[in-house]
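K.L.:
Structure file coords.txt, compact mmCIF, C-alpha atoms, is pasted below:
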```txt
# COMPACT_ATOMS: atom_id res chain seq x y z
CA MET R 1 -173.72 70.93 -47.32
CA LEU R 2 -173.10 68.02 -49.65
CA ARG R 3 -172.99 64.62 -48.08
CA GLU R 4 -169.71 62.92 -47.28
CA THR R 5 -167.93 66.19 -46.90
CA ALA R 6 -166.14 65.29 -43.69
CA PHE R 7 -163.01 64.42 -45.57
CA THR R 8 -159.47 64.93 -44.58
CA ASP R 9 -157.88 67.91 -46.18
CA VAL R 10 -156.51 67.25 -49.59
CA ARG R 11 -153.21 68.56 -50.78
CA CYS R 12 -153.56 70.31 -54.10
CA ASP R 13 -150.16 71.84 -54.49
CA SER R 14 -148.13 68.66 -54.78
CA ALA R 15 -145.30 68.51 -57.23
CA LEU R 16 -146.46 67.55 -60.68
CA ASP R 17 -144.50 65.20 -62.86
CA ASP R 18 -143.97 65.86 -66.55
CA ALA R 19 -146.80 63.68 -67.68
CA SER R 20 -149.36 65.32 -65.45
CA ALA R 21 -148.16 68.85 -66.03
CA GLY R 22 -151.20 71.04 -66.07
CA PHE R 23 -153.23 68.86 -63.75
CA MET R 24 -154.34 70.51 -60.59
CA MET R 25 -153.51 67.57 -58.35
CA ASP R 26 -151.16 64.61 -58.23
CA GLU R 27 -152.18 61.01 -58.78
CA ASP R 28 -152.62 59.99 -55.15
CA THR R 29 -154.69 63.06 -54.37
CA PHE R 30 -156.79 62.54 -57.45
CA ARG R 31 -157.43 58.88 -56.73
CA ALA R 32 -158.50 59.63 -53.18
CA PHE R 33 -160.82 62.38 -54.37
CA TYR R 34 -162.21 60.15 -57.11
CA GLU R 35 -162.93 57.33 -54.66
CA ARG R 36 -164.88 59.72 -52.50
CA THR R 37 -166.90 61.37 -55.21
CA ALA R 38 -167.25 59.14 -58.28
CA ARG R 39 -170.11 56.95 -57.09
CA GLY R 40 -172.30 59.85 -56.05
CA LEU R 41 -171.46 61.78 -59.19
CA TRP R 42 -172.28 58.80 -61.38
CA ALA R 43 -175.68 58.44 -59.68
CA TYR R 44 -176.32 62.15 -60.23
CA LEU R 45 -175.41 61.92 -63.91
CA ALA R 46 -177.38 58.71 -64.38
CA ARG R 47 -180.48 60.34 -62.94
CA LEU R 48 -179.89 63.53 -64.87
CA THR R 49 -179.43 61.83 -68.23
CA GLY R 50 -181.40 58.62 -67.78
CA ASP R 51 -178.56 56.72 -69.45
CA ARG R 52 -175.98 54.66 -67.59
CA GLN R 53 -173.40 54.54 -70.37
CA LEU R 54 -173.70 58.24 -70.99
CA ALA R 55 -173.34 58.81 -67.26
CA GLU R 56 -170.05 56.91 -67.31
CA ASP R 57 -168.77 58.87 -70.29
CA LEU R 58 -169.75 62.16 -68.73
CA LEU R 59 -168.17 61.13 -65.46
CA GLN R 60 -164.80 60.61 -67.13
CA GLU R 61 -165.09 63.85 -69.05
CA THR R 62 -166.04 65.67 -65.86
CA PHE R 63 -163.00 64.46 -64.00
CA TYR R 64 -160.74 65.26 -66.92
CA ARG R 65 -162.00 68.82 -67.12
CA PHE R 66 -161.79 69.10 -63.39
CA LEU R 67 -158.14 68.06 -63.52
CA ARG R 68 -157.33 70.49 -66.30
CA ALA R 69 -159.09 73.40 -64.63
CA ALA R 70 -156.48 75.72 -63.23
CA ALA R 71 -158.57 76.51 -60.20
CA THR R 72 -157.87 76.64 -56.51
CA TYR R 73 -160.40 75.58 -53.96
CA ASP R 74 -160.96 76.78 -50.44
CA ASN R 75 -162.08 73.41 -49.14
CA GLU R 76 -163.45 70.00 -50.07
CA THR R 77 -167.02 71.22 -50.37
CA HIS R 78 -165.99 73.93 -52.80
CA ARG R 79 -164.09 71.35 -54.83
CA ARG R 80 -167.06 68.99 -54.95
CA ASN R 81 -169.39 71.79 -55.96
CA SER R 82 -167.05 72.62 -58.79
CA LEU R 83 -167.07 68.98 -59.90
CA TYR R 84 -170.86 68.89 -59.90
CA ARG R 85 -171.03 72.17 -61.79
CA ILE R 86 -168.80 70.76 -64.53
CA ALA R 87 -170.94 67.61 -64.67
CA THR R 88 -174.16 69.61 -64.85
CA ASN R 89 -172.86 71.76 -67.68
CA LEU R 90 -171.63 68.73 -69.60
CA ALA R 91 -174.98 66.99 -69.25
CA ARG R 92 -176.72 70.13 -70.46
CA ASP R 93 -174.38 70.46 -73.44
CA VAL R 94 -174.90 66.85 -74.44
CA ARG R 95 -178.63 67.24 -74.18
CA ARG R 96 -178.49 70.25 -76.45
CA ARG R 97 -176.52 68.46 -79.09
CA SER R 98 -178.81 66.94 -81.62
CA LEU R 99 -176.60 63.92 -82.14
CA ALA R 100 -176.96 62.84 -78.55
CA ARG R 101 -180.66 63.55 -78.43
CA ALA R 102 -181.73 60.00 -79.02
CA ALA R 103 -179.48 58.70 -76.29
CA LEU R 104 -180.47 61.39 -73.86
CA VAL R 105 -184.22 61.52 -74.04
CA PRO R 106 -184.98 61.28 -70.36
CA ALA R 107 -187.44 58.47 -70.70
CA GLY R 108 -185.64 56.54 -68.02
CA ASP R 109 -185.74 53.36 -70.06
CA ASP R 110 -182.16 52.58 -69.30
CA ILE R 111 -181.95 53.07 -65.57
CA GLU R 112 -185.42 51.61 -65.11
CA ARG R 113 -183.79 48.30 -65.94
CA LEU R 114 -181.29 48.38 -63.13
CA PRO R 115 -180.64 44.92 -61.82
CA SER R 116 -182.49 44.56 -58.60
CA GLY R 117 -182.56 41.90 -55.96
CA GLN R 118 -185.58 43.52 -54.42
CA ASP R 119 -189.19 42.45 -54.42
CA ALA R 120 -191.53 43.32 -57.25
CA GLY R 121 -193.14 46.17 -55.30
CA ALA R 122 -189.83 47.91 -54.75
CA THR R 123 -188.91 47.47 -58.41
CA GLU R 124 -192.22 48.96 -59.50
CA ARG R 125 -191.80 51.89 -57.13
CA LEU R 126 -188.36 52.49 -58.61
CA ALA R 127 -189.83 52.41 -62.10
CA ASP R 128 -192.58 54.83 -61.03
CA PHE R 129 -189.99 57.14 -59.58
CA THR R 130 -187.88 56.99 -62.72
CA ARG R 131 -190.87 57.83 -64.88
CA ALA R 132 -191.86 60.69 -62.59
CA MET R 133 -188.34 62.12 -62.66
CA SER R 134 -188.22 61.81 -66.42
CA ARG R 135 -191.23 64.08 -66.66
CA LEU R 136 -189.41 66.88 -64.86
CA LYS R 137 -187.24 69.41 -66.60
CA PRO R 138 -183.51 68.59 -66.41
CA ARG R 139 -182.88 71.55 -64.15
CA GLU R 140 -185.68 70.44 -61.84
CA ARG R 141 -184.22 66.96 -61.70
CA ALA R 142 -180.81 68.36 -60.92
CA MET R 143 -181.98 70.67 -58.16
CA LEU R 144 -184.13 68.02 -56.48
CA TRP R 145 -181.32 65.50 -56.64
CA LEU R 146 -178.79 67.93 -55.22
CA ALA R 147 -181.17 68.97 -52.46
CA TYR R 148 -182.54 65.59 -51.41
CA ALA R 149 -180.00 63.02 -52.56
CA GLU R 150 -176.82 65.01 -52.02
CA GLY R 151 -178.14 67.16 -49.19
CA ALA R 152 -176.78 70.35 -50.73
CA SER R 153 -177.72 73.74 -49.34
CA HIS R 154 -179.64 76.27 -51.42
CA ARG R 155 -176.48 78.28 -51.92
CA GLU R 156 -174.58 75.24 -53.13
CA ILE R 157 -177.36 74.21 -55.50
CA ALA R 158 -177.49 77.73 -56.90
CA ASP R 159 -173.73 77.64 -57.35
CA VAL R 160 -173.77 74.28 -59.14
CA LEU R 161 -176.68 75.17 -61.42
CA GLY R 162 -175.62 78.74 -62.09
CA LEU R 163 -178.70 80.26 -60.51
CA ARG R 164 -179.19 83.14 -58.13
CA PRO R 165 -179.71 81.87 -54.58
CA THR R 166 -182.77 84.09 -54.19
CA SER R 167 -184.51 82.55 -57.19
CA LEU R 168 -183.72 78.99 -56.16
CA LYS R 169 -186.21 78.68 -53.34
CA PRO R 170 -189.37 79.20 -55.43
CA MET R 171 -187.97 77.01 -58.19
CA LEU R 172 -187.22 74.24 -55.74
CA PHE R 173 -190.68 74.59 -54.27
CA ARG R 174 -192.30 74.22 -57.69
CA ALA R 175 -190.13 71.26 -58.65
CA ARG R 176 -190.87 69.53 -55.36
CA ARG R 177 -194.60 70.11 -55.77
CA LYS R 178 -194.48 68.76 -59.31
CA LEU R 179 -192.62 65.61 -58.33
CA ALA R 180 -194.88 65.02 -55.33
CA GLU R 181 -197.92 65.25 -57.64
CA LEU R 182 -196.33 62.90 -60.16
CA LEU R 183 -195.45 60.39 -57.47
CA GLY R 184 -198.93 60.70 -55.98
CA SER R 185 -200.51 59.89 -59.34
CA ALA R 186 -198.15 56.99 -60.03
CA PRO R 187 -199.82 53.57 -60.18
CA HIS R 188 -197.83 52.26 -57.24
CA GLY R 189 -197.65 55.46 -55.29
CA GLY R 190 -194.14 56.43 -54.39
CA LYS R 191 -194.79 57.70 -51.00
CA VAL R 192 -192.72 56.65 -48.06
CA MET F 1 -198.64 85.27 -50.22
CA LYS F 2 -198.44 81.50 -50.41
CA PRO F 3 -195.54 80.11 -48.31
CA ILE F 4 -192.89 78.22 -50.22
CA ASP F 5 -190.88 76.86 -47.34
CA CYS F 6 -191.43 75.64 -43.83
CA GLU F 7 -189.12 75.85 -40.87
CA LEU F 8 -189.74 72.18 -40.05
CA GLU F 9 -189.02 70.74 -43.47
CA SER F 10 -185.37 70.08 -42.59
CA GLU F 11 -186.54 68.06 -39.58
CA VAL F 12 -188.88 66.05 -41.76
CA LEU F 13 -186.09 65.49 -44.26
CA ALA F 14 -183.68 64.39 -41.55
CA ALA F 15 -186.26 61.98 -40.10
CA VAL F 16 -186.82 60.40 -43.52
CA LEU F 17 -183.13 60.12 -44.39
CA GLN F 18 -182.30 58.67 -40.99
CA ASP F 19 -185.14 56.13 -41.22
CA ARG F 20 -186.84 57.61 -38.19
CA TRP F 21 -190.10 58.37 -39.96
CA PRO F 22 -192.83 57.79 -38.79
CA GLU F 23 -192.25 55.69 -35.70
CA ARG F 24 -189.30 57.50 -34.13
CA VAL F 25 -190.39 61.12 -34.46
CA ASP F 26 -192.40 63.34 -32.16
CA ALA F 27 -196.13 63.13 -32.49
CA SER F 28 -196.15 66.90 -32.93
CA LEU F 29 -194.02 66.56 -36.08
CA ARG F 30 -196.40 63.95 -37.49
CA GLU F 31 -199.34 66.26 -36.78
CA HIS F 32 -197.52 69.12 -38.43
CA VAL F 33 -196.83 67.11 -41.57
CA ALA F 34 -200.47 66.10 -41.78
CA ALA F 35 -201.40 69.77 -41.86
CA CYS F 36 -198.47 71.28 -43.81
CA ALA F 37 -198.49 70.90 -47.60
CA ILE F 38 -194.80 71.77 -47.88
CA CYS F 39 -193.65 69.17 -45.37
CA ALA F 40 -196.03 66.65 -46.93
CA ASP F 41 -194.28 67.22 -50.27
CA VAL F 42 -190.88 66.84 -48.63
CA LEU F 43 -192.04 63.60 -47.07
CA ALA F 44 -193.41 62.34 -50.39
CA ILE F 45 -190.26 62.93 -52.39
CA ALA F 46 -187.39 62.65 -49.91
CA GLY F 47 -187.80 58.96 -49.22
CA ALA F 48 -188.30 58.17 -52.89
CA ILE F 49 -185.20 60.11 -53.91
CA ASP F 50 -183.15 58.55 -51.14
CA ASN F 51 -184.24 55.04 -52.18
CA ASP F 52 -183.42 55.83 -55.77
CA ARG F 53 -180.04 57.19 -54.77
CA GLU F 54 -179.22 54.02 -52.87
CA GLN F 55 -180.29 51.88 -55.83
CA LEU F 56 -178.22 53.87 -58.30
CA ARG F 57 -175.19 53.93 -56.05
CA ALA F 58 -175.45 50.20 -55.52
CA HIS F 59 -175.43 49.58 -59.27
CA ALA F 60 -173.06 52.34 -60.26
CA ALA F 61 -170.82 51.40 -63.18
CA PHE F 62 -167.75 53.53 -63.59
CA PRO F 63 -164.06 52.90 -64.20
CA ASP F 64 -161.55 52.77 -61.37
CA SER F 65 -159.53 55.80 -60.45
CA GLY F 66 -156.30 54.46 -61.92
CA ARG F 67 -157.83 54.03 -65.35
CA VAL F 68 -159.40 57.48 -65.30
CA TRP F 69 -156.08 59.00 -64.26
CA TRP F 70 -154.19 57.13 -66.97
CA LEU F 71 -156.67 58.12 -69.69
CA ALA F 72 -156.56 61.71 -68.52
CA GLN F 73 -152.78 61.69 -68.73
CA MET F 74 -152.82 60.25 -72.24
CA ARG F 75 -155.34 62.81 -73.36
CA ALA F 76 -153.43 65.67 -71.75
CA ARG F 77 -150.26 64.57 -73.55
CA ARG F 78 -152.07 64.34 -76.88
CA GLU F 79 -153.62 67.76 -76.44
CA ALA F 80 -150.26 69.20 -75.39
CA ALA F 81 -148.69 67.77 -78.56
CA GLN F 82 -151.47 69.25 -80.67
CA THR F 83 -151.03 72.60 -79.00
CA ALA F 84 -147.28 72.46 -79.59
CA GLY F 85 -147.91 71.61 -83.24
CA ARG F 86 -150.07 74.63 -83.81
CA PRO F 87 -147.24 77.26 -83.87
CA ILE F 88 -145.36 75.17 -86.46
CA THR F 89 -148.38 75.27 -88.73
CA ALA F 90 -148.65 79.02 -88.27
CA ALA F 91 -144.93 79.41 -89.01
CA GLN F 92 -145.35 77.35 -92.16
CA VAL F 93 -148.21 79.55 -93.32
CA ILE F 94 -146.12 82.66 -92.68
CA ALA F 95 -143.14 81.15 -94.52
CA PHE F 96 -145.31 80.29 -97.51
CA ALA F 97 -146.71 83.82 -97.60
CA CYS F 98 -143.15 85.22 -97.44
CA ALA F 99 -142.03 82.93 -100.27
CA MET F 100 -144.95 83.99 -102.43
CA GLY F 101 -144.19 87.62 -101.71
CA LEU F 102 -140.54 87.11 -102.63
CA LEU F 103 -141.53 85.35 -105.83
CA GLY F 104 -143.84 88.21 -106.73
CA ALA F 105 -141.10 90.74 -106.03
CA CYS F 106 -138.60 88.83 -108.21
CA PHE F 107 -141.11 88.62 -111.00
CA GLY F 108 -141.82 92.33 -110.74
CA ALA F 109 -138.11 93.15 -110.82
CA THR F 110 -137.51 91.01 -113.88
CA SER F 111 -140.79 91.58 -115.68
CA ALA F 112 -139.17 93.62 -118.50
CA TRP F 113 -136.66 90.88 -119.18
CA PHE F 114 -139.42 88.21 -118.84
CA GLN F 115 -141.70 89.96 -121.31
CA SER F 116 -138.95 90.38 -123.88
CA ALA F 117 -137.94 86.74 -123.48
CA LEU F 118 -141.57 85.70 -123.95
CA ARG F 119 -141.80 87.73 -127.15
CA ARG F 120 -138.60 86.17 -128.48
CA THR F 121 -139.86 82.68 -127.72
CA THR F 122 -143.21 83.35 -129.39
CA SER F 123 -141.58 84.69 -132.55
CA SER F 124 -139.14 81.73 -132.61
CA LEU F 125 -141.99 79.25 -132.33
CA ALA F 126 -143.75 80.99 -135.21
CA THR F 127 -140.75 80.46 -137.45
CA ILE F 128 -140.37 76.75 -136.65
CA ARG F 129 -141.67 74.34 -139.23
CA PHE F 130 -143.14 71.52 -137.22
CA GLN F 131 -143.22 69.15 -140.18
CA THR F 132 -139.42 69.20 -140.20
CA LEU F 133 -139.38 68.19 -136.55
CA ILE F 134 -141.39 64.99 -137.00
CA PRO F 135 -138.53 62.85 -138.34
CA PHE F 136 -136.27 64.25 -135.64
CA ALA F 137 -138.86 63.39 -132.95
CA GLY F 138 -139.24 59.89 -134.32
CA THR F 139 -135.50 59.31 -134.16
CA PHE F 140 -135.33 60.75 -130.63
CA ILE F 141 -138.15 58.46 -129.38
CA ALA F 142 -136.50 55.44 -130.98
CA GLN F 143 -133.21 56.19 -129.30
CA HIS F 144 -134.44 57.42 -125.89
CA GLY F 145 -137.86 55.73 -125.61
CA ALA F 146 -137.08 54.08 -122.27
CA LEU F 147 -135.93 57.38 -120.82
CA LEU F 148 -139.07 59.16 -121.99
CA LEU F 149 -141.24 56.39 -120.60
CA GLY F 150 -139.48 56.62 -117.22
CA MET F 151 -139.92 60.37 -117.10
CA ALA F 152 -143.60 60.07 -117.95
CA ALA F 153 -144.02 57.42 -115.25
CA ILE F 154 -142.32 59.65 -112.69
CA LEU F 155 -144.53 62.57 -113.66
CA LEU F 156 -147.60 60.41 -113.10
CA VAL F 157 -146.53 58.25 -110.15
CA VAL F 158 -144.89 60.83 -107.91
CA PRO F 159 -147.92 63.17 -107.61
CA ALA F 160 -150.18 60.15 -107.10
CA ALA F 161 -147.91 58.82 -104.34
CA VAL F 162 -147.78 62.21 -102.65
CA PHE F 163 -151.56 62.49 -102.86
CA LEU F 164 -152.13 59.04 -101.39
CA THR F 165 -149.67 59.67 -98.56
CA MET F 166 -151.35 62.91 -97.64
CA LEU F 167 -154.73 61.22 -97.80
CA ARG F 168 -153.60 58.53 -95.37
CA GLU F 169 -152.21 61.11 -92.94
```
Go through the file and emit its structure as structure tokens.
P.N.:
Amino acid sequence: MLRETAFTDVRCDSALDDASAGFMMDEDTFRAFYERTARGLWAYLARLTGDRQLAEDLLQETFYRFLRAAATYDNETHRRNSLYRIATNLARDVRRRSLARAALVPAGDDIERLPSGQDAGATERLADFTRAMSRLKPRERAMLWLAYAEGASHREIADVLGLRPTSLKPMLFRARRKLAELLGSAPHGGKV
Amino acid sequence: MKPIDCELESEVLAAVLQDRWPERVDASLREHVAACAICADVLAIAGAIDNDREQLRAHAAFPDSGRVWWLAQMRARREAAQTAGRPITAAQVIAFACAMGLLGACFGATSAWFQSALRRTTSSLATIRFQTLIPFAGTFIAQHGALLLGMAAILLVVPAAVFLTMLRE
């Protein structure tokens, strides 16, 4: 189950005003949902793309498409999974587009330069981690992030990434092995 | 067959995420991790990913919810207007096609008259002596030069203005 899912139930069938006609939720509901999810989603997109500005752009586009989607959701978890699925697909589309290629090469140069008040060792470990992640395939990055940063179940990861749940487990195993090897060979380790 | 998961990996993950590793976990779990490649991998990556997550979340840069809502509204309105404009364009295309069809039908109905009129005009032009028209044209230009100049200007300026307006739009 994704983290931070113990939310109060959200009303989705509120009356829509003229301006928001077509949106699946009203402003108050949206703002509450955004406050709960935007930070985590931005981190996911930043790690997936390696670009902070692109992550912000994709975040806005994700929420817009989410609002326009005429979908109904059983619960908060389902809604969040849908949000992450939209974000994942957008990141994949951008990556495929040749125009965005230069901005999206997952070299991690951008998020490696995050401002940090930490000691040099922590900064170097972060840089090692960023480089290691950048050497994974985008889908591997996404599944590891969802599993270990968002705490998503296999079923949820499969749902977000459009994979069969049965094929996820070996893929996750391989991705985990690959990242562990990359972190193990990093100059500053990366181990806990 | 090589195992790809371990029943204790969720415990290892929980211990790492809750900052209980390695001091505040059972010795048996530590021994297991030392012997289990899968749990060792989980241990290696879980803490690193969690640290990275905290770093990214701490430095997350995204607009506030009000701005995102407002931009979404503006965009939805714009797209709604574009969608509403689409049937008008289709109707215009249909109207143009109808007008062309009507024009063709009229021409077909009057083609006999048109062809005879064309023949008459051609034969009339053949009988005209253009040299006799030159003095008449000179007189006409002298008397109505300003009018002719205005008409020529309109013929040039109006299409240019229409073109430039369309270009700007």
K.L.:
Which of these residues is nearest to Pro138 (chain R), using all atoms listed in the file: R:Ser167, R:Gln60, R:Thr88, R:Thr29?
P.N.:
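Result for the nearest residue to Pro138 (chain R): R:Thr88.
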K.L.:
Find the residues in chain F near chain R: any atom within 10 Å counts, using all atoms listed in the file. Write them as a count of residues only.
P.N.:
50
K.L.:
Rounded to one decimal in Å, what is the spacing between CA of Cys6 (chain F) and CA of Ala35 (chain F)?
P.N.:
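According to the coordinates, CA of Cys6 (chain F) and CA of Ala35 (chain F) are separated by 11.7 Å.
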K.L.:
Report, in Å to a single decimal, how far apart CA of Asn89 (chain R) and CA of Thr62 (chain R) are.
P.N.:
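Spanning CA of Thr62 (chain R) to CA of Asn89 (chain R) is a straight-line distance of 9.3 Å.
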K.L.:
Mind pulling up the distance from CA of Gln18 (chain F) to CA of Ala132 (chain R)?
P.N.:
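Here the two named atoms are 23.7 Å from each other.
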K.L.:
Fewer than 3 positions away in the same chain doesn't count, so skip those; otherwise give me all residues within 10 Å of Glu7 (chain F), counting only C-alpha atoms, as a list in words.
P.N.:
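Final neighbour list, sorted by chain and number: Ser10, Glu11, Val12, Ile38 and Cys39 of chain F.
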K.L.:
Can I get the selection written as a PDB file, in the coordinates of the input, with C-alpha atoms?
P.N.:
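Output below, filename out-v3.pdb:
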```pdb
ATOM      1  CA  SER F  10    -185.370  70.080 -42.590  1.00  0.00           C
ATOM      2  CA  GLU F  11    -186.540  68.060 -39.580  1.00  0.00           C
ATOM      3  CA  VAL F  12    -188.880  66.050 -41.760  1.00  0.00           C
ATOM      4  CA  ILE F  38    -194.800  71.770 -47.880  1.00  0.00           C
ATOM      5  CA  CYS F  39    -193.650  69.170 -45.370  1.00  0.00           C
TER       6      CYS F  39
END
```
